[in-house]
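Below is one structure, written out as structure tokens; the observations come after it.
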Amino acid sequence: MISPAFLSPDRCEPSVRLVSPLERALTGIDPGRVRDRSHVGKLEVRGDVASLEPAPGDRFHRIGPRHGLYVHEGPTAELRDSLTARGYAVIDQTGAYAAFEVHGADVLRRLTDLDLEALPAAGLVARVRGIVTRADGGAFVVYVAQEHGHYACEAVLDALEGLGR
Amino acid sequence: MSRLPIQPGELLDRDTVVRFSFQGRSIEAFAGDTFGSALYASGRTLLSRSFKYHRPRGILCCRGHCANCMMTVDGTPNVRVCETPVRDGAVVEGQNVIGSLDRDLFSVVDKVGGPFTPVGFYYRTMIRPRRLWPLYERFLRNAAGLGKVPERDPHNRYDVEHREARVLVVGGGRAGREAAAEHAVAGPGVVLVDELPELGGLELPGVEVLAPARAIGVWEGGLVPVEHGNLLLRYRAQHLVVATGTIDQPLVFPGNDLVGVMLPGAVERLVERYAVKPGERAVVIAADDAADRARAALDQAGIEIVSTVRLTDGRTPAVAANGRKGQVRSVTVDGRTVDCDLVVMSGGRQPAYSLLAMAGAKVEYDAARGVLVPAAIPDGISATGSVTGAVGEQAVPAASYTAARSGKCFVCVCEDVTTKDVKRAVAEGFDSIELAKRYTTVTMGPCQGRYCHVQSIRLYAQETGADEAAVGATTARPPWTPVSMGLLAGRHLEPMKRSSLHHRHEESGASLIWAGAWKRPYAYGDVEQEVRAVHEDLGVIDVSTLGKLLVQGPDAAEFLERLYPNRFGDMKPGRIRYGVLTTDAGRIMDDGTVARLAEDSYYVTTTSTGADAVNGWFEWWNAIWGYDVEIANVTGALAAVNVAGPRAREALSALTDAPVSNDAISYLDAKELAVAGVTCLVLRIGFVGELGYELHCPSPAAEHLWDAIVSQGAVPFGLEPQRVLRLEKAHVIVGQDTDSESNLISAGMPWIAKLDKDDWVGKRATQLVQAAGVRECLVGFEMENGKLPAEGGQVVENGRPAGRVTSARRSAVLGKNIGLAWVRSEAAEEGTRIQIRVDGRPEPATVRHGAFYDPEGTRLRS
């Protein structure tokens, strides 16, 4: 499977301002509370993903027997080519997911019944489908469909308010 | 009533005074008091009015189980004040009264309403005339019930938290604490919950103690929601230990609900925990060792025990409590009357087995001790302590101890169900305890059967002649404890899908409406102007909500050929076809366009609401057929806008270096272009009937592309103008103009069904439909007199329904009211005159086939 060019934000000209689905929701919000991670490249990779090792700095979240989400900072053009050359089916889903980073298992527990000791995991987060992963420093990164991103951020901010943070 | 000197083990901090108001009067309390204990200490014993008869009620259990102390605190109704800690400045009020707690106008029901309000009276006496039911209902709701939810006051915040535990212990008595400590030795993850606040400070090594906290029930998968203040903790535990102990049982005799008639535990808690003297002269009536248990507390408080009636010898004395203004004043036993102001009654102790029953345990009746005990406890759950049935020796109380003189004798104080009510239900033929429960509502009040279940079974057995084991227990269902609706609802989270252009729409002043799970622009201002802009100049609409799928692989063409009724294998790369998906039964399930990007690559669009279903449909069939095909849902990855109008080509040309002439991008072409620097897939299609291009681009670039198009003078238009424009073309909206019964033949799309193709999903069914003919058809219509029917309105023949309108709009460009409707096939011919009901009157219309506007499609192809 080859990802068509019109799927990839990094194929747009540099003058094009790419807008995060969380931009408005997180305007004026301290990134220490919720940090927008939507800009990272997100590739849906299919095939024999059991043996797929991400490059240093990248992350690969296996979310099915032959299915995973490869997360890469910056443009993904070279990575797409490289993975495709290795026989994987690759779809650029960078624009499909909103992603945010949040600290504290207590916040996540107010949003999802996923087992936070067994991440990454996919399930309902604030009543919409999402993928919850662990990040450095005890943080969690949550991926939801970009169309649900604004709403999910509102839910996270509301949960933080409930916890007095 | 008075405050006692410092008691050993009391919960009070006498150095901290707390004041709250009750009916305008300031009440002084100590930190550690509950509202109920503080009111009792101040001499206030009448705390509530009963559900139906509005009888005075005071503390019965002092455990937060019954309805007797429910009051409104700071606007929150139904607060059980006997267990709610005092807080400074709180406002406490009575509820369910007209007037005041002391002078409740509705208490007249107790005085004279008895003969008129037997059990289930509203099922019989308030059903005619039917039109007055709303009035009756309002009256009944005002007359009976509990507190009222304030409509204007801000509501409390309630949160839900999902938690996991290795072991969850419910009940913090000795057995529960021991079980928790034992499990903690094996490792972390042990949680103990108890309903009483005094365990709040308990420290058990390796155990998280939550108190006050109540397990609401046990659901499938071991889910145990726990109420902890305004937080609902949804526990999933690997092992559940139920150590909920026993519940003091009341006795059934006239006057058993008077203020001052209490259970032994209530006396103990008032004296020992809150240093409140609940009376001066007490009578103890007990079927177990409660007299001995209570004696210590009564002695400690300096209360004189003027009489003790032991029910352990099998005797059934006639007992009656007598009162004045709702307060107990004396007790008469077998004709002998003793003055008192406190009655301690005990019908033994009943294991609190409900959580075990909810989890699947059986419930058996122990005839020797007159209790229901749990048995056959499921795996993953254990019970410990007295909940298992270890209640010691106790006599089996009689069903009732009714004196010769009359007087209400309550089986269920929460719902005001008397012995007479239960007897009447049996006499009326409610011959099962489950039916009688529903008819009388016994066990359905706030205590959830804690203080009435066993009593009702005994009475039922007495009346039917069956034994208690044969009568059986009613089903235990959550919630086991009263729980506020706010806690169950949690936070108000309503998922909303926003397109990548949502904020542009808001900034442009669009009025947004729900469209499935999406919020979409209805219009940006004047609908007619937006329609005109598309017809005469240039418009742009956000269609990002369309489902978008990639189908790739060597077998992609064959795969689509088998899914769709029409052909896709013969399409050249760069071309587009309309496609309708049918189910196995030949019913229309979705529609959209299919663009061939390369020999082995297709781009499929679906309806906005159909994306997930179509994706699942594709995956499901591919799993069966096993084609070498990959299917990817890229709905969210891409935004899409439709640029439409006579100036569409000019605008596109200004934004790209690529040729966009009619030859370069002709009707139904698909091309990848850079538009305003944004990589796009351009689909030349025309849902709205004018020259148009659908631009699909990466979602993050959508605002840039939108701004560029608007800068060319494009007028944003919303869903409503789009509905008008597509109706002018008679384009069908699947799900609005079709339903789950619609097929290709009846919906006027036989041309799309290629019956000469090899098999496709729905082919056989379509052949059968074609052979049998259809009874109704989807057709266009024009109103003849300018009336506009409602969508969903009736097509009528001779005044009888003969079809339905699915879409109807005013078309300014045509100067007509037009629409789509299902009509009988005999009335589906072009030019047939039909009648459509508008505002209750049949109005004439004419059937039309094909597009109302630009029927040749000249403008689309221009």
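Lettering and numbering for the structure tokens are positional, with chains as A, B, ... in the shown order, residues counted from 1 in each chain, and ligands counted from 1 in the shown order.
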
Check every residue of chain B for an atom within 8 Å of chain A, counting only C-alpha atoms, and provide those that qualify as a short mmCIF file (atom, residue, chain, number, x, y, z; two decimals) with N, CA and C atoms, in the first residue's frame.
data_model
loop_
_atom_site.label_atom_id
_atom_site.label_comp_id
_atom_site.auth_asym_id
_atom_site.auth_seq_id
_atom_site.Cartn_x
_atom_site.Cartn_y
_atom_site.Cartn_z
N ASP B 159 -17.82 13.60 39.62
CA ASP B 159 -16.81 13.02 38.73
C ASP B 159 -16.85 11.50 38.81
N VAL B 160 -16.35 10.90 37.76
CA VAL B 160 -16.26 9.44 37.70
C VAL B 160 -14.79 9.08 37.54
N GLU B 161 -14.34 8.10 38.29
CA GLU B 161 -12.94 7.68 38.17
C GLU B 161 -12.91 6.15 38.04
N HIS B 162 -12.15 5.68 37.09
CA HIS B 162 -12.01 4.22 36.89
C HIS B 162 -10.82 3.73 37.69
N ARG B 163 -11.05 2.71 38.48
CA ARG B 163 -9.96 2.20 39.30
C ARG B 163 -9.90 0.68 39.23
N LEU B 493 -20.30 15.08 29.37
CA LEU B 493 -19.40 15.00 28.23
C LEU B 493 -20.20 14.55 27.01
N PRO B 495 -19.60 13.99 23.22
CA PRO B 495 -18.63 14.02 22.13
C PRO B 495 -19.16 14.78 20.92
N MET B 496 -18.33 15.65 20.41
CA MET B 496 -18.71 16.43 19.24
C MET B 496 -17.59 16.35 18.22
N LYS B 497 -17.96 16.01 17.00
CA LYS B 497 -16.96 16.01 15.94
C LYS B 497 -16.91 17.40 15.32
N ARG B 498 -15.69 17.90 15.23
CA ARG B 498 -15.49 19.19 14.57
C ARG B 498 -14.62 18.96 13.35
N SER B 499 -14.99 19.52 12.23
CA SER B 499 -14.13 19.39 11.06
C SER B 499 -12.94 20.31 11.24
N SER B 500 -11.95 20.15 10.38
CA SER B 500 -10.76 21.00 10.45
C SER B 500 -11.11 22.45 10.19
N GLN B 552 -6.57 -0.42 -1.88
CA GLN B 552 -5.40 -0.64 -2.72
C GLN B 552 -5.03 -2.12 -2.74
N GLY B 553 -4.41 -2.50 -3.84
CA GLY B 553 -3.90 -3.87 -3.94
C GLY B 553 -4.21 -4.45 -5.30
N GLU B 630 -5.76 -3.93 0.63
CA GLU B 630 -5.66 -3.20 1.90
C GLU B 630 -6.71 -2.09 1.89
N ALA B 632 -7.94 1.29 3.94
CA ALA B 632 -7.53 2.25 4.98
C ALA B 632 -8.58 3.34 5.09
N VAL B 634 -9.28 6.87 5.83
CA VAL B 634 -8.52 8.12 5.91
C VAL B 634 -9.47 9.31 6.09
N THR B 635 -10.64 9.03 6.66
CA THR B 635 -11.65 10.09 6.82
C THR B 635 -11.08 11.28 7.57
N GLY B 636 -10.43 11.03 8.69
CA GLY B 636 -9.94 12.15 9.49
C GLY B 636 -8.67 12.76 8.95
N ALA B 637 -7.93 12.00 8.19
CA ALA B 637 -6.66 12.52 7.68
C ALA B 637 -6.87 13.61 6.65
N LEU B 638 -8.04 13.60 6.04
CA LEU B 638 -8.30 14.54 4.95
C LEU B 638 -9.48 15.45 5.25
N GLU B 672 -4.52 14.84 -8.94
CA GLU B 672 -3.77 15.42 -7.82
C GLU B 672 -3.18 16.73 -8.28
N ALA B 674 -1.55 20.77 -6.78
CA ALA B 674 -1.23 21.67 -5.67
C ALA B 674 -2.12 22.90 -5.84
N GLY B 677 -0.71 25.91 -2.85
CA GLY B 677 0.43 25.28 -2.16
C GLY B 677 0.06 24.04 -1.39
N VAL B 678 -1.19 23.66 -1.44
CA VAL B 678 -1.66 22.50 -0.68
C VAL B 678 -1.85 21.31 -1.63
N THR B 679 -1.27 20.19 -1.28
CA THR B 679 -1.48 19.01 -2.12
C THR B 679 -2.93 18.57 -1.98
N CYS B 680 -3.59 18.42 -3.11
CA CYS B 680 -5.02 18.08 -3.08
C CYS B 680 -5.32 16.96 -4.08
N LEU B 681 -6.33 16.21 -3.77
CA LEU B 681 -6.96 15.37 -4.78
C LEU B 681 -8.20 16.14 -5.22
N HIS B 696 -9.81 17.54 -1.85
CA HIS B 696 -9.50 16.77 -0.65
C HIS B 696 -8.03 17.00 -0.31
N CYS B 697 -7.77 17.44 0.91
CA CYS B 697 -6.40 17.83 1.27
C CYS B 697 -6.09 17.38 2.69
N PRO B 698 -4.80 17.37 3.10
CA PRO B 698 -4.49 17.00 4.48
C PRO B 698 -5.22 17.92 5.46
N SER B 699 -5.78 17.34 6.49
CA SER B 699 -6.58 18.11 7.44
C SER B 699 -5.86 19.34 7.99
N PRO B 700 -4.59 19.23 8.36
CA PRO B 700 -3.94 20.42 8.94
C PRO B 700 -3.85 21.60 7.97
N ALA B 701 -3.97 21.32 6.65
CA ALA B 701 -3.85 22.39 5.66
C ALA B 701 -5.21 22.96 5.26
N GLU B 703 -7.49 24.94 6.66
CA GLU B 703 -7.79 26.38 6.84
C GLU B 703 -7.07 27.22 5.79
N HIS B 704 -5.84 26.83 5.48
CA HIS B 704 -5.08 27.57 4.46
C HIS B 704 -5.81 27.50 3.11
#

### All residues 10 Å or closer to segment 66-73 of chain A, only C-alpha atoms, same chain fewer than 6 positions away omitted, as number ranges by chain
A: 37, 39-50, 52-60, 79, 88-94, 131

#### Entry: Neighbour list for Asp421 of chain B as a list in words, cut-off 9 Å, only C-alpha atoms, skip fewer than 2 positions in-chain
Pro118, Val119, Gly120, Val417, Thr418, Thr419, Lys423, Arg424, Ala425, Val426 and Thr440 of chain B

### Task
Show which residues sit within 9 Å of Leu668 of chain B, as a VMD selection string. Count only C-alpha atoms, and ignore same-chain residues fewer than 4 positions away.
chain B and resid 574 to 577 595 683 to 686 861

Every residue of segment 86-153 of chain A that DSSP places in alpha helix (DSSP H), as a PDB file with N, CA and C atoms, in the first residue's frame:
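result-v7.pdb was written with the following content:
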ATOM      1  N   ALA A 105      -1.785   9.767  36.298  1.00  0.00           N
ATOM      2  CA  ALA A 105      -2.720   8.662  36.048  1.00  0.00           C
ATOM      3  C   ALA A 105      -4.113   9.011  36.531  1.00  0.00           C
ATOM      4  N   ASP A 106      -4.189   9.878  37.559  1.00  0.00           N
ATOM      5  CA  ASP A 106      -5.516  10.224  38.077  1.00  0.00           C
ATOM      6  C   ASP A 106      -6.371  10.913  37.014  1.00  0.00           C
ATOM      7  N   VAL A 107      -5.740  11.709  36.167  1.00  0.00           N
ATOM      8  CA  VAL A 107      -6.496  12.370  35.092  1.00  0.00           C
ATOM      9  C   VAL A 107      -7.022  11.323  34.119  1.00  0.00           C
ATOM     10  N   LEU A 108      -6.132  10.429  33.729  1.00  0.00           N
ATOM     11  CA  LEU A 108      -6.548   9.396  32.774  1.00  0.00           C
ATOM     12  C   LEU A 108      -7.653   8.529  33.361  1.00  0.00           C
ATOM     13  N   ARG A 109      -7.579   8.263  34.664  1.00  0.00           N
ATOM     14  CA  ARG A 109      -8.593   7.401  35.281  1.00  0.00           C
ATOM     15  C   ARG A 109      -9.978   8.041  35.256  1.00  0.00           C
ATOM     16  N   GLN A 146      -8.796  13.334  14.888  1.00  0.00           N
ATOM     17  CA  GLN A 146      -8.619  14.794  14.926  1.00  0.00           C
ATOM     18  C   GLN A 146      -9.945  15.522  15.082  1.00  0.00           C
ATOM     19  N   GLU A 147     -11.016  14.929  14.546  1.00  0.00           N
ATOM     20  CA  GLU A 147     -12.314  15.600  14.654  1.00  0.00           C
ATOM     21  C   GLU A 147     -12.828  15.586  16.095  1.00  0.00           C
ATOM     22  N   HIS A 148     -12.300  14.692  16.918  1.00  0.00           N
ATOM     23  CA  HIS A 148     -12.669  14.653  18.336  1.00  0.00           C
ATOM     24  C   HIS A 148     -11.637  15.366  19.206  1.00  0.00           C
ATOM     25  N   GLY A 149     -10.575  15.887  18.599  1.00  0.00           N
ATOM     26  CA  GLY A 149      -9.472  16.432  19.385  1.00  0.00           C
ATOM     27  C   GLY A 149      -9.876  17.585  20.282  1.00  0.00           C
ATOM     28  N   HIS A 150     -10.587  18.535  19.734  1.00  0.00           N
ATOM     29  CA  HIS A 150     -10.990  19.714  20.505  1.00  0.00           C
ATOM     30  C   HIS A 150     -11.848  19.281  21.690  1.00  0.00           C
ATOM     31  N   TYR A 151     -12.811  18.425  21.413  1.00  0.00           N
ATOM     32  CA  TYR A 151     -13.690  17.933  22.474  1.00  0.00           C
ATOM     33  C   TYR A 151     -12.891  17.189  23.544  1.00  0.00           C
ATOM     34  N   ALA A 152     -11.965  16.326  23.107  1.00  0.00           N
ATOM     35  CA  ALA A 152     -11.197  15.532  24.075  1.00  0.00           C
ATOM     36  C   ALA A 152     -10.369  16.441  24.974  1.00  0.00           C
ATOM     37  N   CYS A 153      -9.829  17.510  24.388  1.00  0.00           N
ATOM     38  CA  CYS A 153      -9.046  18.453  25.202  1.00  0.00           C
ATOM     39  C   CYS A 153      -9.944  19.146  26.227  1.00  0.00           C
TER      40      CYS A 153
END

### Task
Might you pull out every residue within 12 Å of Leu488 of chain B, with only C-alpha atoms counted and same-chain residues fewer than 3 positions away left off, and present them as a list in words?
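Result of the neighbour search: Arg157, Tyr158, Asp159, Val160, Glu161, Ile216, Pro225, Val226, Glu227, Asn230, Leu231, Leu232, Leu233, Arg234, Pro479, Pro482, Val483, Ser484, Met485, Arg491 and His492 of chain B.
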
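For Glu829 of chain B, the set of protein, DNA and RNA residues having any atom at most 8 Å away, when counting only C-alpha atoms and skipping those fewer than 4 positions along the same chain, is Ser825, Val847 and Arg848 of chain B.
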
### Long-range neighbours of segment 197-210 of chain B as a PyMOL selection string, 12 Å cut-off, only C-alpha atoms, 2 positions minimum in chain
chain B and resi 9-12+32-34+63-64+82-85+165-174+176-195+212-215+226-229+231+233+269+273-274

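Compared by their closest atoms to Lys519 of chain B, and using only C-alpha atoms, the residues B:Glu650, B:Asp292, B:Asp663, B:Glu506 rank with B:Glu506 nearest.
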
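Here the question is which of A:Val141, A:Ala135, A:Leu83, A:Leu160 gets nearest to Glu101 of chain A using only C-alpha atoms, and that residue is A:Val141.
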
### Message
DSSP on the backbone, strand (DSSP E or B) only: what residues of segment 293-504 of chain B does that give? Format it as number ranges by chain.
### Response
B: 304-310, 319-324, 327-333, 336-339, 342-346, 349-351, 362-366, 371-375, 381-383, 402, 410-412, 417-418, 497

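The space separating atom CA of Asp339 of chain B from atom CA of Ser307 of chain B comes to 9.5 Å.
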
### Task
Would you please work out which residue, of B:Asn743, B:Gly773, B:Gly449, B:Arg57, is nearest to Leu581 of chain B when using only C-alpha atoms?
B:Asn743
